[in-house]
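Data block below; observations after.
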Amino acid sequence: MQIIINPDKSVWDKMCERNAPSDDKVIESVRGIVAEVRHSGDEALRRFAHDFDHADITDIELSAEERKQLAAKVTPQVRQAIDAALVNISAFHKAQMPEPVEVETQPGVRCLQKAVPIQRVGLYIPGGRAPLFSTVLMLAAPARIAGCKHVVLCTPQGADGRIAPEIIYAANACGVDHIYRVGGAQAIAAMAYGTESIARVDKIFGPGNRFVTHAKQLVSTDTAIDMPAGPSEVLVMADHTAKASYVAADMLSQAEHGPDSQAILVCQSEDFAHEVAAEVERQTALLPRKELVEQSLSHSRILVFAHRGTMLDFSNAYAPEHLIISMDNPWDIAANVTAAGSVFVGNYSPESAGDYASGTNHTLPTSGWARSYSGVNIDSFMRKITFQTLTQQGLQSLAGTIVTMAEAEGLHAHAQAVNVRINDSAN
């Protein structure tokens, strides 16, 4: 793993680059897939399932009996873990429910704000080598807590006809209304535009590969999406109080997400940097997904800075999806974090906790989007509507201000909408 000592600020942009391969062919392919689904609906979904997933599907939606049978295959230990995680995730997201706002800005002028749930949401859950049933909890639980009336889920069926039972169990536990055996860009298109079997949704959530990511970006002109996203990432800040074995494990837990994932260590000691690098190599050899991890580590790196302030500055410049602070007085550092998706404070706060069961959401902005986007939270599933009501006296008191501003903007009908009421009340 590359170790870089005190890189000058002039090269920080280079140090902050993610592994982003050229996707021109992927984008072109996704455009075709989306167009086909819009044109041919269910027929296109079946064709793409055969072509891409080698799966022959007849019924696009899982029946209630199928859901029951699949969920029953989950081991008691995993069921208990899912149930326990759901309790914590639900507790944290229930606490986020917004309070209504009501203010009398001046006598006779009352302004209100109310949060209302998005009516129809679609969740995408990847299958494949690592079916992310934990993401079902992170998306479906807050959707239900927010009050979304219709929650649907798409996940691919394998060539063997299999869908991970854990995904189905988690979906049942969260009260997902419909589950469709559809994956990839075609699933995003189906939720965005609707087919004979899948009704159009108002907003799409969930991670995926480059095809899914580009599909979400493409349909975002017509259907809302949770956030821009790319390969997953972590940045660990560590000083003399950190343990190399912990830091290495944190970096590897990120690297195993996929070959495009990135793990960055920012530390104060060159000796510690080499110690972590050696520990990463040792622990990698023990992992079943060793080859995938090694691909990810090829574009991961360790940076050494002498000062805590510089370490923090670099972290804020990188804007990581996950930030782990393994330092003395970590909350002093955390208080000055300005760009991160989710922050893990202290030596006993691994990213794995937030990924699964602490209660925070693991659907987070990547690729530097943490500078301007939040991770998924209860607000992601709601819209805020404002209301106002004015008494006759309230409008009278505001009339001069409104008319002056409207006329200054050349919008005379706006001024007239006030004047006609004021003149009418004067007669």
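Each chain in the structure tokens gets a letter, A, B and so on, in the order shown; residues start at 1 in every chain, and ligands are counted from 1 in the order they appear.
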Q) So which residues touch region 311-321 of chain A within 9 Å, counting only C-alpha atoms, skipping near sequence neighbours fewer than 3 positions away, as JSON, numbers by chain? A) {"A": [9, 12, 13, 15, 16, 17, 232, 233, 234, 235, 236, 237, 266, 267, 268, 303, 304, 305, 306, 307, 308, 333, 336, 337, 338, 339, 340, 341, 342, 343, 364, 365, 366, 367, 368, 369, 370, 371, 375]}
(Q) I'd like the contact shell of region 79-85 of chain A - 10 Å cut-off, only C-alpha atoms, skipping same-chain residues fewer than 4 positions apart - returned as a list of chain:residue names. (A)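 The contact residues come out as A:Ala71, A:Ala72, A:Lys73, A:Val74, A:Thr75, A:Ile89, A:Ser90, A:Ala91, A:Phe133, A:Ser134, A:Leu137, A:Met138, A:Glu166, A:Tyr169, A:Ala170, A:Ala173, A:Cys174, A:Ala353, A:Tyr356, A:Ala357, A:Ser358, A:Gly359.
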Print the selection's residues with N, CA and C atoms to a file, as a PDB file, in the first residue's frame.
```pdb
ATOM      1  N   ALA A  71     -38.586 -16.452   3.869  1.00  0.00           N
ATOM      2  CA  ALA A  71     -38.237 -15.909   5.184  1.00  0.00           C
ATOM      3  C   ALA A  71     -38.016 -17.021   6.198  1.00  0.00           C
ATOM      4  N   ALA A  72     -38.731 -18.115   6.042  1.00  0.00           N
ATOM      5  CA  ALA A  72     -38.613 -19.228   6.984  1.00  0.00           C
ATOM      6  C   ALA A  72     -37.260 -19.929   6.892  1.00  0.00           C
ATOM      7  N   LYS A  73     -36.520 -19.695   5.803  1.00  0.00           N
ATOM      8  CA  LYS A  73     -35.223 -20.339   5.618  1.00  0.00           C
ATOM      9  C   LYS A  73     -34.096 -19.630   6.385  1.00  0.00           C
ATOM     10  N   VAL A  74     -34.383 -18.456   6.898  1.00  0.00           N
ATOM     11  CA  VAL A  74     -33.363 -17.705   7.631  1.00  0.00           C
ATOM     12  C   VAL A  74     -33.123 -18.376   8.980  1.00  0.00           C
ATOM     13  N   THR A  75     -31.861 -18.512   9.339  1.00  0.00           N
ATOM     14  CA  THR A  75     -31.540 -19.186  10.601  1.00  0.00           C
ATOM     15  C   THR A  75     -32.023 -18.355  11.792  1.00  0.00           C
ATOM     16  N   ILE A  89     -32.285   0.746  14.775  1.00  0.00           N
ATOM     17  CA  ILE A  89     -32.482   1.610  13.610  1.00  0.00           C
ATOM     18  C   ILE A  89     -33.799   2.363  13.732  1.00  0.00           C
ATOM     19  N   SER A  90     -34.833   1.669  14.153  1.00  0.00           N
ATOM     20  CA  SER A  90     -36.144   2.312  14.315  1.00  0.00           C
ATOM     21  C   SER A  90     -36.108   3.377  15.403  1.00  0.00           C
ATOM     22  N   ALA A  91     -35.452   3.086  16.515  1.00  0.00           N
ATOM     23  CA  ALA A  91     -35.388   4.052  17.619  1.00  0.00           C
ATOM     24  C   ALA A  91     -34.716   5.341  17.186  1.00  0.00           C
ATOM     25  N   PHE A 133     -28.929  -7.371   2.849  1.00  0.00           N
ATOM     26  CA  PHE A 133     -30.200  -7.334   3.573  1.00  0.00           C
ATOM     27  C   PHE A 133     -30.203  -6.251   4.645  1.00  0.00           C
ATOM     28  N   SER A 134     -29.014  -5.839   5.112  1.00  0.00           N
ATOM     29  CA  SER A 134     -28.975  -4.745   6.087  1.00  0.00           C
ATOM     30  C   SER A 134     -29.514  -3.453   5.483  1.00  0.00           C
ATOM     31  N   LEU A 137     -33.222  -2.845   5.969  1.00  0.00           N
ATOM     32  CA  LEU A 137     -33.573  -2.221   7.240  1.00  0.00           C
ATOM     33  C   LEU A 137     -33.337  -0.713   7.188  1.00  0.00           C
ATOM     34  N   MET A 138     -32.214  -0.304   6.579  1.00  0.00           N
ATOM     35  CA  MET A 138     -31.839   1.112   6.551  1.00  0.00           C
ATOM     36  C   MET A 138     -32.784   1.963   5.708  1.00  0.00           C
ATOM     37  N   GLU A 166     -32.594 -13.738   3.558  1.00  0.00           N
ATOM     38  CA  GLU A 166     -32.426 -12.662   4.546  1.00  0.00           C
ATOM     39  C   GLU A 166     -33.038 -11.350   4.041  1.00  0.00           C
ATOM     40  N   TYR A 169     -36.772 -11.766   4.600  1.00  0.00           N
ATOM     41  CA  TYR A 169     -37.119 -11.680   6.018  1.00  0.00           C
ATOM     42  C   TYR A 169     -37.097 -10.224   6.494  1.00  0.00           C
ATOM     43  N   ALA A 170     -36.037  -9.500   6.116  1.00  0.00           N
ATOM     44  CA  ALA A 170     -35.928  -8.093   6.521  1.00  0.00           C
ATOM     45  C   ALA A 170     -37.056  -7.258   5.928  1.00  0.00           C
ATOM     46  N   ALA A 173     -40.174  -7.982   7.836  1.00  0.00           N
ATOM     47  CA  ALA A 173     -40.109  -7.375   9.173  1.00  0.00           C
ATOM     48  C   ALA A 173     -40.419  -5.886   9.129  1.00  0.00           C
ATOM     49  N   CYS A 174     -40.050  -5.242   8.019  1.00  0.00           N
ATOM     50  CA  CYS A 174     -40.267  -3.795   7.880  1.00  0.00           C
ATOM     51  C   CYS A 174     -41.604  -3.450   7.235  1.00  0.00           C
ATOM     52  N   ALA A 353     -20.351  -1.108  12.957  1.00  0.00           N
ATOM     53  CA  ALA A 353     -21.464  -0.813  13.860  1.00  0.00           C
ATOM     54  C   ALA A 353     -22.549  -0.024  13.138  1.00  0.00           C
ATOM     55  N   TYR A 356     -24.517  -1.921  10.354  1.00  0.00           N
ATOM     56  CA  TYR A 356     -25.483  -2.948  10.719  1.00  0.00           C
ATOM     57  C   TYR A 356     -26.455  -2.590  11.827  1.00  0.00           C
ATOM     58  N   ALA A 357     -25.980  -2.109  12.949  1.00  0.00           N
ATOM     59  CA  ALA A 357     -26.861  -2.232  14.105  1.00  0.00           C
ATOM     60  C   ALA A 357     -26.844  -1.119  15.133  1.00  0.00           C
ATOM     61  N   SER A 358     -25.973  -0.113  15.021  1.00  0.00           N
ATOM     62  CA  SER A 358     -25.963   0.913  16.065  1.00  0.00           C
ATOM     63  C   SER A 358     -27.228   1.761  16.031  1.00  0.00           C
ATOM     64  N   GLY A 359     -27.776   1.970  14.824  1.00  0.00           N
ATOM     65  CA  GLY A 359     -29.000   2.750  14.685  1.00  0.00           C
ATOM     66  C   GLY A 359     -28.924   3.814  13.618  1.00  0.00           C
TER      67      GLY A 359
END
```
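The nearest approach to Met1 (chain A) among the residues A:Leu112, A:Ala130, A:Met251, A:Ala187, with only C-alpha atoms taken into account, belongs to A:Met251.
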Q) What is the distance between CA of Ser261 (chain A) and CA of Asp332 (chain A), in Å to one decimal? A) 28.3 Å
Q. Using only C-alpha atoms, which residue out of A:Ala185, A:Ala273, A:Ile179, A:Met97 lies closest to Ser197 (chain A)?
A.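 Of A:Ala185, A:Ala273, A:Ile179, A:Met97, the one nearest Ser197 (chain A) is A:Ile179, counting only C-alpha atoms.
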Q: Rank A:Asp202, A:Asp23, A:Glu36, A:Glu99 by their smallest atom-to-atom distance to Ala189 (chain A), using only C-alpha atoms, and report the top residue only.
A: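 Residue with the minimum atom-to-atom distance to Ala189 (chain A): A:Glu36.
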Q | Contacts of region 57-65 of chain A at 8 Å (only C-alpha atoms; same-chain gap of 5+ positions) as number ranges by chain | A | A: 42, 46, 49-50, 178-182, 197
Please dump the current selection as a compact mmCIF listing (two decimals), in the first residue's frame; keep N, CA, C and O atoms.
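As a result, out-v9.txt now contains:
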```txt
# COMPACT_ATOMS: atom_id res chain seq x y z
N ASP A 42 -42.82 -5.04 -18.88
CA ASP A 42 -42.48 -6.34 -18.28
C ASP A 42 -41.69 -7.23 -19.24
O ASP A 42 -40.81 -7.99 -18.80
N ARG A 46 -38.16 -9.16 -18.27
CA ARG A 46 -37.88 -10.60 -18.38
C ARG A 46 -36.70 -10.87 -19.29
O ARG A 46 -35.85 -11.72 -19.00
N ALA A 49 -33.48 -9.88 -17.48
CA ALA A 49 -33.18 -10.84 -16.42
C ALA A 49 -32.50 -12.07 -17.01
O ALA A 49 -31.56 -12.61 -16.43
N HIS A 50 -32.97 -12.49 -18.17
CA HIS A 50 -32.36 -13.65 -18.85
C HIS A 50 -30.97 -13.31 -19.35
O HIS A 50 -30.01 -14.08 -19.18
N HIS A 178 -44.53 -4.68 -1.65
CA HIS A 178 -44.33 -5.53 -2.82
C HIS A 178 -42.84 -5.77 -3.02
O HIS A 178 -42.03 -4.84 -2.86
N ILE A 179 -42.48 -6.99 -3.40
CA ILE A 179 -41.10 -7.33 -3.71
C ILE A 179 -41.06 -7.88 -5.14
O ILE A 179 -41.83 -8.79 -5.48
N TYR A 180 -40.17 -7.33 -5.95
CA TYR A 180 -40.06 -7.73 -7.35
C TYR A 180 -38.69 -8.35 -7.61
O TYR A 180 -37.68 -7.82 -7.16
N ARG A 181 -38.68 -9.44 -8.37
CA ARG A 181 -37.43 -10.15 -8.65
C ARG A 181 -36.76 -9.55 -9.89
O ARG A 181 -36.58 -10.20 -10.91
N VAL A 182 -36.37 -8.30 -9.77
CA VAL A 182 -35.78 -7.55 -10.87
C VAL A 182 -34.57 -6.81 -10.34
O VAL A 182 -34.61 -6.22 -9.26
N SER A 197 -46.41 -4.60 -14.25
CA SER A 197 -46.38 -5.22 -12.91
C SER A 197 -45.92 -4.27 -11.82
O SER A 197 -46.27 -4.45 -10.65
```
Q | Backbone-only DSSP, helix (DSSP H, G or I) members of region 81-157 of chain A, as a ChimeraX atom specification | A | /A:81-94,133-146
Those selected residues, please, written with C-alpha atoms and delivered as a short mmCIF file (atom, residue, chain, number, x, y, z; two decimals), in the first residue's frame.
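Dumped to out.cif:
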```cif
data_model
loop_
_atom_site.label_atom_id
_atom_site.label_comp_id
_atom_site.auth_asym_id
_atom_site.auth_seq_id
_atom_site.Cartn_x
_atom_site.Cartn_y
_atom_site.Cartn_z
CA ALA A 81 -29.71 -10.25 14.67
CA ILE A 82 -32.01 -8.60 12.11
CA ASP A 83 -34.70 -8.05 14.73
CA ALA A 84 -32.20 -6.52 17.18
CA ALA A 85 -30.74 -4.22 14.53
CA LEU A 86 -34.23 -3.15 13.47
CA VAL A 87 -35.03 -2.06 17.04
CA ASN A 88 -32.00 0.28 17.13
CA ILE A 89 -32.48 1.61 13.61
CA SER A 90 -36.14 2.31 14.31
CA ALA A 91 -35.39 4.05 17.62
CA PHE A 92 -32.86 6.42 16.05
CA HIS A 93 -35.05 7.28 13.08
CA LYS A 94 -38.18 7.78 15.17
CA PHE A 133 -30.20 -7.33 3.57
CA SER A 134 -28.97 -4.75 6.09
CA THR A 135 -29.83 -2.07 3.51
CA VAL A 136 -33.45 -3.24 3.58
CA LEU A 137 -33.57 -2.22 7.24
CA MET A 138 -31.84 1.11 6.55
CA LEU A 139 -34.37 2.07 3.88
CA ALA A 140 -37.64 0.32 4.63
CA ALA A 141 -37.68 1.08 8.37
CA PRO A 142 -37.46 4.89 8.01
CA ALA A 143 -39.89 4.78 5.08
CA ARG A 144 -42.48 3.16 7.30
CA ILE A 145 -41.70 5.42 10.25
CA ALA A 146 -42.10 8.48 8.01
#
```
So that each row is one residue of region 210-253 of chain A with an atom at most 10 Å from region 380-389 of chain A, can you give its shortest atom pair and the distance in Å to one decimal, using only C-alpha atoms, rows by chain and rising number, as a tab-separated table?
```
residue	atom	partner	partner_atom	distance
A:Ile225	CA	A:Ser380	CA	9.5
A:Asp226	CA	A:Ser380	CA	7.0
A:Met227	CA	A:Ser380	CA	9.6
```
Same residues, N, CA and C atoms, saved as a CSV table (one decimal), in the first residue's frame:
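What ended up in part08.csv:
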```
chain,number,residue,atom,x,y,z
A,225,ILE,N,-34.3,10.8,-6.6
A,225,ILE,CA,-33.4,9.7,-6.1
A,225,ILE,C,-32.8,10.2,-4.7
A,226,ASP,N,-32.3,9.2,-4.0
A,226,ASP,CA,-31.8,9.5,-2.7
A,226,ASP,C,-30.6,10.5,-2.7
A,227,MET,N,-29.6,10.2,-3.6
A,227,MET,CA,-28.4,11.0,-3.6
A,227,MET,C,-27.5,10.4,-4.7
```
Q: For each of A:Val11, A:Ile198, A:Ala159, A:Leu395, take the minimum atom-to-atom distance to His54 (chain A), counting only C-alpha atoms, then give the residue where this is smallest.
A: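 Counting only C-alpha atoms, the residue closest to His54 (chain A) is A:Ala159.
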Q. For the atom pair CA of Ala399 (chain A) and CA of Lys114 (chain A), what is the interatomic distance in Å to one decimal place?
A. 26.1 Å
Q | Nearest-residue call for Leu390 (chain A), choices A:Ile5, A:Leu132, A:Arg110, A:Glu66, using only C-alpha atoms | A |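 The shortest atom-to-atom distance to Leu390 (chain A) comes from A:Arg110.
Here the DSSP assignment of strand (DSSP E), based on backbone atoms, applies within region 33-179 of chain A to Val101, Glu102, Val103, Glu104, Thr105, Gln106, Val109, Arg110, Cys111, Leu112, Gln113, Lys114, Ala115, Val116, Pro117, Arg120, Val121, Gly122, Leu123, Tyr124, His150, Val151, Val152, Leu153, Cys154, His178 and Ile179 of chain A.
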Q) CA of Asp51 (chain A) to CA of Thr223 (chain A): how many Å, to one decimal? A) 26.0 Å
Q | Selection near Asn419 (chain A), 10 Å with only C-alpha atoms, sequence-local residues under 5 positions removed, as number ranges by chain | A | A: 395-396, 399-400, 402-403, 413-414, 424-425
Q | Nearest residue to Thr363 (chain A) from the set A:Leu45, A:Ala334, A:Val376, A:Ile167 (distances using only C-alpha atoms) | A | A:Val376
